[in-house]
file model38.txt (compact mmCIF, C-alpha atoms)
# COMPACT_ATOMS: atom_id res chain seq x y z
CA MET A 55 -66.99 51.19 0.43
CA TYR A 56 -67.59 54.03 2.87
CA VAL A 57 -70.43 53.67 5.40
CA ASP A 58 -72.45 56.16 7.44
CA VAL A 59 -73.32 54.51 10.76
CA ILE A 60 -76.38 55.97 12.46
CA ILE A 61 -77.17 55.75 16.20
CA PRO A 62 -80.38 57.47 17.33
CA THR A 63 -80.72 57.93 21.07
CA PHE A 64 -83.14 59.29 23.64
CA ASN A 65 -82.41 59.26 27.39
CA ARG A 66 -80.04 56.31 27.20
CA ALA A 67 -76.83 57.79 28.52
CA HIS A 68 -76.42 54.66 30.64
CA LEU A 69 -76.30 52.48 27.51
CA LEU A 70 -75.08 54.78 24.76
CA GLN A 71 -71.36 54.53 25.40
CA ARG A 72 -71.44 50.75 24.90
CA ALA A 73 -73.03 51.23 21.46
CA ILE A 74 -70.60 53.99 20.45
CA GLU A 75 -67.52 52.04 21.51
CA SER A 76 -68.72 48.96 19.62
CA VAL A 77 -68.67 51.04 16.43
CA LEU A 78 -65.29 52.61 17.14
CA ASN A 79 -63.88 49.11 17.80
CA GLN A 80 -64.85 47.82 14.36
CA THR A 81 -62.10 46.08 12.41
CA TYR A 82 -63.40 47.88 9.30
CA LYS A 83 -62.52 51.55 9.63
CA GLU A 84 -64.05 53.22 6.56
CA PHE A 85 -67.03 54.75 8.31
CA LYS A 86 -68.43 57.96 9.77
CA LEU A 87 -70.54 57.59 12.93
CA HIS A 88 -73.56 59.88 13.22
CA ILE A 89 -75.10 60.08 16.72
CA ILE A 90 -78.49 61.80 16.93
CA ASP A 91 -79.64 62.93 20.34
CA ASP A 92 -83.43 63.07 19.97
CA GLY A 93 -84.05 65.64 22.71
CA SER A 94 -82.66 63.71 25.69
CA THR A 95 -83.21 65.14 29.16
CA ASP A 96 -80.71 62.91 30.98
CA ASN A 97 -76.92 63.35 30.86
CA THR A 98 -76.59 62.24 27.22
CA GLN A 99 -75.10 65.58 26.18
CA GLU A 100 -72.52 65.33 28.95
CA LEU A 101 -71.52 61.87 27.74
CA LEU A 102 -71.26 63.05 24.14
CA LYS A 103 -68.81 65.81 25.06
CA LYS A 104 -66.07 63.21 25.34
CA TYR A 105 -66.58 62.34 21.66
CA GLN A 106 -66.64 65.90 20.32
CA GLY A 107 -63.81 66.43 17.89
CA HIS A 108 -63.39 62.72 17.15
CA PRO A 109 -62.53 62.52 13.44
CA GLN A 110 -65.03 59.73 12.75
CA ILE A 111 -67.96 61.05 14.81
CA VAL A 112 -70.61 63.63 13.96
CA ILE A 113 -73.01 64.59 16.76
CA HIS A 114 -76.48 65.88 15.91
CA THR A 115 -79.11 67.23 18.29
CA GLN A 116 -82.82 67.76 17.64
CA THR A 117 -85.98 68.22 19.69
CA ASN A 118 -87.76 64.98 20.46
CA HIS A 119 -89.52 63.66 17.36
CA GLY A 120 -89.03 59.91 17.73
CA VAL A 121 -86.63 57.29 16.44
CA SER A 122 -87.83 57.43 12.81
CA ALA A 123 -87.29 61.19 12.59
CA ALA A 124 -83.88 60.84 14.23
CA ARG A 125 -82.70 58.19 11.77
CA ASN A 126 -84.09 60.12 8.81
CA TYR A 127 -82.41 63.32 9.99
CA ALA A 128 -79.04 61.58 10.11
CA VAL A 129 -79.47 60.16 6.62
CA ARG A 130 -80.32 63.62 5.28
CA HIS A 131 -77.18 65.02 6.92
CA SER A 132 -74.77 62.32 5.75
CA HIS A 133 -73.38 61.42 2.36
CA SER A 134 -71.93 57.91 2.08
CA PRO A 135 -73.39 55.46 -0.46
CA TRP A 136 -73.98 52.90 2.29
CA ILE A 137 -75.83 53.38 5.58
CA SER A 138 -76.01 51.15 8.61
CA PHE A 139 -78.09 51.48 11.78
CA LEU A 140 -77.38 50.69 15.40
CA ASP A 141 -79.93 51.15 18.19
CA SER A 142 -78.44 52.81 21.25
CA ASP A 143 -79.27 49.83 23.49
CA ASP A 144 -77.52 47.30 21.22
CA GLU A 145 -73.91 46.71 20.28
CA TRP A 146 -71.93 45.38 17.34
CA LEU A 147 -69.35 42.64 17.45
CA PRO A 148 -65.97 43.95 16.19
CA GLN A 149 -66.19 42.20 12.80
CA LYS A 150 -69.75 43.33 11.97
CA LEU A 151 -68.94 45.85 9.25
CA GLU A 152 -65.98 43.92 7.86
CA SER A 153 -68.05 40.74 7.45
CA GLN A 154 -70.93 42.55 5.78
CA ILE A 155 -68.69 44.57 3.47
CA SER A 156 -66.94 41.35 2.40
CA TYR A 157 -70.34 39.84 1.58
CA LEU A 158 -71.38 42.91 -0.42
CA LYS A 159 -68.17 42.86 -2.45
CA LEU A 160 -68.93 39.26 -3.41
CA HIS A 161 -72.56 40.15 -4.24
CA PRO A 162 -72.35 43.53 -6.01
CA GLN A 163 -76.02 43.42 -7.00
CA CYS A 164 -77.11 43.37 -3.36
CA ARG A 165 -78.46 46.68 -2.01
CA PHE A 166 -79.69 45.49 1.40
CA MET A 167 -78.46 42.84 3.77
CA HIS A 168 -78.77 41.81 7.37
CA SER A 169 -77.27 39.17 9.63
CA GLU A 170 -77.87 37.08 12.71
CA GLU A 171 -77.85 38.50 16.22
CA ILE A 172 -77.37 37.36 19.78
CA TRP A 173 -80.39 37.94 22.04
CA ILE A 174 -79.89 39.03 25.63
CA ARG A 175 -83.00 39.42 27.81
CA ASN A 176 -82.58 40.78 31.33
CA GLY A 177 -78.91 39.87 31.25
CA VAL A 178 -79.43 36.29 30.07
CA ARG A 179 -78.83 34.92 26.59
CA VAL A 180 -81.98 33.41 25.10
CA ASN A 181 -82.55 31.31 21.99
CA PRO A 182 -85.00 32.62 19.38
CA LYS A 183 -87.94 30.41 18.45
CA VAL A 184 -88.24 28.78 15.03
CA LYS A 185 -90.66 31.52 13.92
CA HIS A 186 -87.90 34.09 14.47
CA ASN A 187 -85.68 32.51 11.81
CA LYS A 188 -84.07 35.34 9.83
CA GLY A 189 -83.09 33.20 6.84
CA PRO A 190 -84.09 34.13 3.28
CA ASP A 191 -86.67 31.38 2.66
CA GLU A 192 -90.12 33.02 2.19
CA LEU A 193 -88.88 36.00 4.17
CA PHE A 194 -91.54 38.38 2.84
CA LYS A 195 -94.34 35.98 3.79
CA ARG A 196 -92.90 35.26 7.23
CA SER A 197 -92.21 38.95 7.91
CA LEU A 198 -95.91 39.80 7.60
CA GLU A 199 -96.56 38.44 11.09
CA PHE A 200 -93.91 40.56 12.82
CA CYS A 201 -90.56 42.16 12.11
CA LEU A 202 -87.81 39.61 11.47
CA ILE A 203 -85.09 42.09 10.53
CA SER A 204 -83.50 44.09 13.33
CA PRO A 205 -82.31 47.60 12.43
CA SER A 206 -79.02 47.00 14.25
CA THR A 207 -78.14 44.21 11.80
CA VAL A 208 -78.86 46.13 8.59
CA ILE A 209 -76.57 47.70 6.02
CA MET A 210 -78.15 49.15 2.90
CA LYS A 211 -77.61 51.42 -0.07
CA ARG A 212 -78.62 55.02 0.56
CA ASP A 213 -80.50 55.21 -2.74
CA LEU A 214 -82.64 52.21 -1.74
CA PHE A 215 -83.51 53.86 1.57
CA LEU A 216 -84.56 57.06 -0.21
CA GLU A 217 -86.37 55.13 -2.93
CA HIS A 218 -88.77 53.66 -0.38
CA GLY A 219 -89.44 56.91 1.47
CA MET A 220 -87.20 56.38 4.53
CA PHE A 221 -88.83 55.54 7.89
CA ASP A 222 -92.44 56.67 8.23
CA GLU A 223 -92.34 59.32 10.95
CA ALA A 224 -96.06 58.93 11.62
CA PHE A 225 -95.39 55.45 13.04
CA THR A 226 -94.86 55.47 16.81
CA VAL A 227 -93.60 51.88 16.64
CA CYS A 228 -93.17 49.24 13.92
CA GLU A 229 -91.47 51.75 11.63
CA ASP A 230 -88.84 49.11 10.82
CA TYR A 231 -91.52 46.50 10.05
CA ASP A 232 -93.09 49.03 7.67
CA LEU A 233 -89.92 49.93 5.76
CA TRP A 234 -88.49 46.43 5.55
CA LEU A 235 -91.76 45.08 4.10
CA LYS A 236 -91.74 47.75 1.40
CA ILE A 237 -88.21 46.70 0.49
CA LEU A 238 -88.90 42.96 0.69
CA ALA A 239 -91.87 43.38 -1.64
CA HIS A 240 -89.53 44.50 -4.43
CA GLU A 241 -85.96 43.55 -3.57
CA GLU A 242 -83.86 40.42 -3.20
CA ILE A 243 -81.93 40.97 0.01
CA GLY A 244 -78.78 39.40 1.38
CA PHE A 245 -78.41 37.46 4.60
CA LEU A 246 -75.28 36.48 6.52
CA PRO A 247 -75.93 33.80 9.16
CA ASP A 248 -73.06 35.05 11.34
CA TYR A 249 -73.78 36.51 14.78
CA LEU A 250 -72.57 40.08 14.34
CA THR A 251 -74.83 42.07 16.70
CA THR A 252 -75.92 41.73 20.30
CA LYS A 253 -79.52 42.82 20.84
CA TYR A 254 -80.53 43.62 24.41
CA GLY A 255 -84.11 43.46 25.63
CA GLY A 256 -86.22 43.49 28.73
CA HIS A 257 -85.41 47.02 29.89
CA SER A 258 -88.25 49.38 30.73
CA ASP A 259 -87.50 52.00 28.06
CA GLN A 260 -87.63 49.53 25.19
CA LEU A 261 -90.27 50.79 22.75
CA SER A 262 -91.83 47.37 22.22
CA THR A 263 -92.55 47.13 25.95
CA GLN A 264 -94.17 50.57 26.12
CA PHE A 265 -96.90 50.05 23.53
CA VAL A 266 -99.84 47.67 23.52
CA ALA A 267 -101.78 46.60 20.43
CA MET A 268 -98.77 46.91 18.15
CA ASP A 269 -100.72 45.08 15.47
CA TYR A 270 -102.59 48.34 14.86
CA TRP A 271 -99.40 49.75 13.33
CA ARG A 272 -98.67 46.54 11.46
CA ILE A 273 -102.17 46.61 9.95
CA GLN A 274 -101.66 50.23 8.95
CA SER A 275 -98.43 49.25 7.22
CA LEU A 276 -100.04 46.30 5.44
CA TRP A 277 -102.96 48.44 4.30
CA LYS A 278 -100.58 51.00 2.78
CA LEU A 279 -98.52 48.30 1.09
CA LEU A 280 -101.64 46.73 -0.37
CA LYS A 281 -102.27 49.92 -2.35
CA THR A 282 -98.85 49.94 -4.01
CA HIS A 283 -97.68 48.23 -7.19
CA ILE A 284 -96.89 44.71 -6.04
CA ASP A 285 -97.77 41.36 -7.56
CA GLN A 286 -101.08 39.67 -6.81
CA ASP A 287 -99.53 36.80 -4.88
CA LYS A 288 -98.06 39.24 -2.37
CA LYS A 289 -101.36 41.13 -2.19
CA ASN A 290 -103.14 37.87 -1.36
CA LEU A 291 -100.65 37.20 1.44
CA ILE A 292 -101.18 40.71 2.81
CA LEU A 293 -104.96 40.38 2.70
CA ALA A 294 -104.78 37.08 4.54
CA GLU A 295 -102.57 38.61 7.23
CA ILE A 296 -104.90 41.58 7.78
CA LYS A 297 -107.88 39.20 8.01
CA LYS A 298 -105.97 37.29 10.68
CA LYS A 299 -104.69 40.27 12.67
CA ALA A 300 -107.70 42.61 12.63
CA PRO A 301 -110.29 40.37 14.42
CA ILE A 302 -107.77 39.57 17.16
CA LEU A 303 -106.97 43.26 17.56
CA LEU A 304 -110.66 44.16 17.76
CA LYS A 305 -111.28 41.52 20.44
CA GLY A 306 -108.38 42.94 22.43
CA TYR A 307 -109.79 46.45 22.14
CA GLN A 308 -113.13 45.22 23.46
CA LYS A 309 -111.61 43.20 26.28
CA HIS A 310 -109.56 46.13 27.58
CA GLN A 311 -112.18 48.79 26.76
CA ASN A 312 -109.63 50.52 24.56
CA LEU A 313 -111.99 51.71 21.85
CA GLU A 314 -110.16 54.73 20.49
CA ARG A 315 -109.21 52.95 17.26
CA TYR A 316 -111.90 50.28 17.29
CA ASP A 317 -114.10 51.86 14.60
CA GLU A 318 -111.13 52.59 12.36
CA VAL A 319 -109.93 48.99 12.38
CA SER A 320 -113.47 47.66 12.11
CA GLU A 321 -114.15 49.74 8.99
CA LEU A 322 -110.88 48.67 7.41
CA LEU A 323 -111.69 45.01 7.99
CA LYS A 324 -115.21 45.47 6.63
CA GLU A 325 -113.82 47.09 3.47
CA ILE A 326 -111.49 44.13 2.91
CA LEU A 327 -114.19 41.52 3.54
CA ASP A 328 -116.61 43.30 1.21
call {"tool": "encode", "arguments": {"input": "model38.txt", "output": "structure tokens"}}
result
Amino acid sequence: MYVDVIIPTFNRAHLLQRAIESVLNQTYKEFKLHIIDDGSTDNTQELLKKYQGHPQIVIHTQTNHGVSAARNYAVRHSHSPWISFLDSDDEWLPQKLESQISYLKLHPQCRFMHSEEIWIRNGVRVNPKVKHNKGPDELFKRSLEFCLISPSTVIMKRDLFLEHGMFDEAFTVCEDYDLWLKILAHEEIGFLPDYLTTKYGGHSDQLSTQFVAMDYWRIQSLWKLLKTHIDQDKKNLILAEIKKKAPILLKGYQKHQNLERYDEVSELLKEILD
């Protein structure tokens, strides 16, 4: 079971080597590592020179188009039946791929799986709240509030990724929330409760800390999903989530005098309520 591992990166030379080495140190060796420099202006290219010529590494460079475009580019330029993602500020534990491949061999019908992760915030390990539970029980319903699946924990079939249109490059953030929901709406996914990834947070260049009103993008994702062929029970859950998120978002827009998208969200909510 050969895997294409994909690391997108932008101006993270100070963190990138940790991510790369965590892939090279995997106990499972049947992989090709694709690193996509998304137009970095720091010394990322200098760092990557040390990996040029490595038999398991392919280095790609593109002008800055965002993390979704970088991941999609790597998928288009790779060939393995399985793909796995790692954010450049995270790292894998050495047994990550081996544990997931073992699970997939025991569950040959599974096309998507994820696992538990260790959370580090500002250098300190923190415990997720109950609402962050990644387990399979009602995962679609619980994932409507916010993203419960971290890209760095995922391994999936290439054909499933393509089937659902890859990451939406129009999404500045929440692109993972958007794609995972589309998959969860149609697919039984696997979950391994082992801690196989370390996720680091709290740094200033983390996307989730750079954008306010992220529920705008979640609502956009939910609205798109509502128009697809899914069962009525899931549509009812989506409608309820939009009705919950939109009024809160509108109040926030008013409070902070950030009215650029106020009318758009207001019209969407009105259409749903009508």
call {"tool": "residues_around", "arguments": {"input": "model38.txt", "residues": "Glu199 in chain A", "least_positions_apart": "6", "cutoff": "10 Å", "atoms": "only C-alpha atoms", "output": "ChimeraX atom specification"}}
result
/A:185,231,269,272-273,292,295-296,298-299
call {"tool": "closest_residue", "arguments": {"input": "model38.txt", "among": "A:Ile284, A:Leu78, A:Ala267, A:Leu291", "to": "Gly306 in chain A", "atoms": "all atoms listed in the file"}}
result
A:Ala267
call {"tool": "residues_around", "arguments": {"input": "model38.txt", "residues": "Arg165 in chain A", "least_positions_apart": "4", "cutoff": "8 Å", "atoms": "all atoms listed in the file", "output": "CSV table (one decimal) with C-alpha atoms, in the coordinates of the input"}}
result
chain,number,residue,atom,x,y,z
A,210,MET,CA,-78.2,49.2,2.9
A,211,LYS,CA,-77.6,51.4,-0.1
A,214,LEU,CA,-82.6,52.2,-1.7
A,243,ILE,CA,-81.9,41.0,0.0
call {"tool": "residues_around", "arguments": {"input": "model38.txt", "residues": "Leu280 in chain A", "least_positions_apart": "4", "cutoff": "9 Å", "atoms": "all atoms listed in the file", "output": "VMD selection string"}}
result
chain A and resid 275 to 276 284 288 to 289 292 to 293
call {"tool": "atom_distance", "arguments": {"input": "model38.txt", "atom1": "CA of Arg196 in chain A", "atom2": "CA of Phe139 in chain A"}}
result
22.4 Å
call {"tool": "closest_residue", "arguments": {"input": "model38.txt", "among": "A:Val178, A:Leu70, A:Ala124, A:Ile61", "to": "Leu101 in chain A", "atoms": "all atoms listed in the file"}}
result
A:Leu70
call {"tool": "closest_residue", "arguments": {"input": "model38.txt", "among": "A:Thr207, A:Thr226, A:Gln149, A:Asn97", "to": "His119 in chain A", "atoms": "all atoms listed in the file"}}
result
A:Thr226
call {"tool": "closest_residue", "arguments": {"input": "model38.txt", "among": "A:Ala128, A:Met268, A:Cys201, A:Ala239", "to": "Gln286 in chain A", "atoms": "all atoms listed in the file"}}
result
A:Ala239
call {"tool": "closest_residue", "arguments": {"input": "model38.txt", "among": "A:Ile74, A:Glu152, A:Gly177, A:Asn118", "to": "Tyr254 in chain A", "atoms": "only C-alpha atoms"}}
result
A:Gly177
call {"tool": "atom_distance", "arguments": {"input": "model38.txt", "atom1": "CA of Asp144 in chain A", "atom2": "CA of Ser206 in chain A"}}
result
7.1 Å
call {"tool": "closest_atom_pairs", "arguments": {"input": "model38.txt", "of": "range 125-212 of chain A", "to": "range 112-117 of chain A", "cutoff": "12 Å", "atoms": "all atoms listed in the file", "output": "CSV"}}
result
residue,atom,partner,partner_atom,distance
A:Arg125,CA,A:His114,CA,10.7
A:Asn126,CA,A:Gln116,CA,11.7
A:Tyr127,CA,A:His114,CA,8.8
A:Ala128,CA,A:His114,CA,7.7
A:Val129,CA,A:His114,CA,11.3
A:Arg130,CA,A:His114,CA,11.5
A:His131,CA,A:His114,CA,9.1
A:Ser132,CA,A:Val112,CA,9.3
call {"tool": "atom_distance", "arguments": {"input": "model38.txt", "atom1": "CA of Asp213 in chain A", "atom2": "CA of Ile137 in chain A"}}
result
9.7 Å
call {"tool": "residues_around", "arguments": {"input": "model38.txt", "residues": "Leu303 in chain A", "least_positions_apart": "2", "cutoff": "12 Å", "atoms": "only C-alpha atoms", "output": "PyMOL selection string"}}
result
chain A and resi 266-273+296-301+305-313+315-320+323
call {"tool": "residues_around", "arguments": {"input": "model38.txt", "residues": "Thr81 in chain A", "least_positions_apart": "4", "cutoff": "10 Å", "atoms": "all atoms listed in the file", "output": "PyMOL selection string"}}
result
chain A and resi 77+147-153
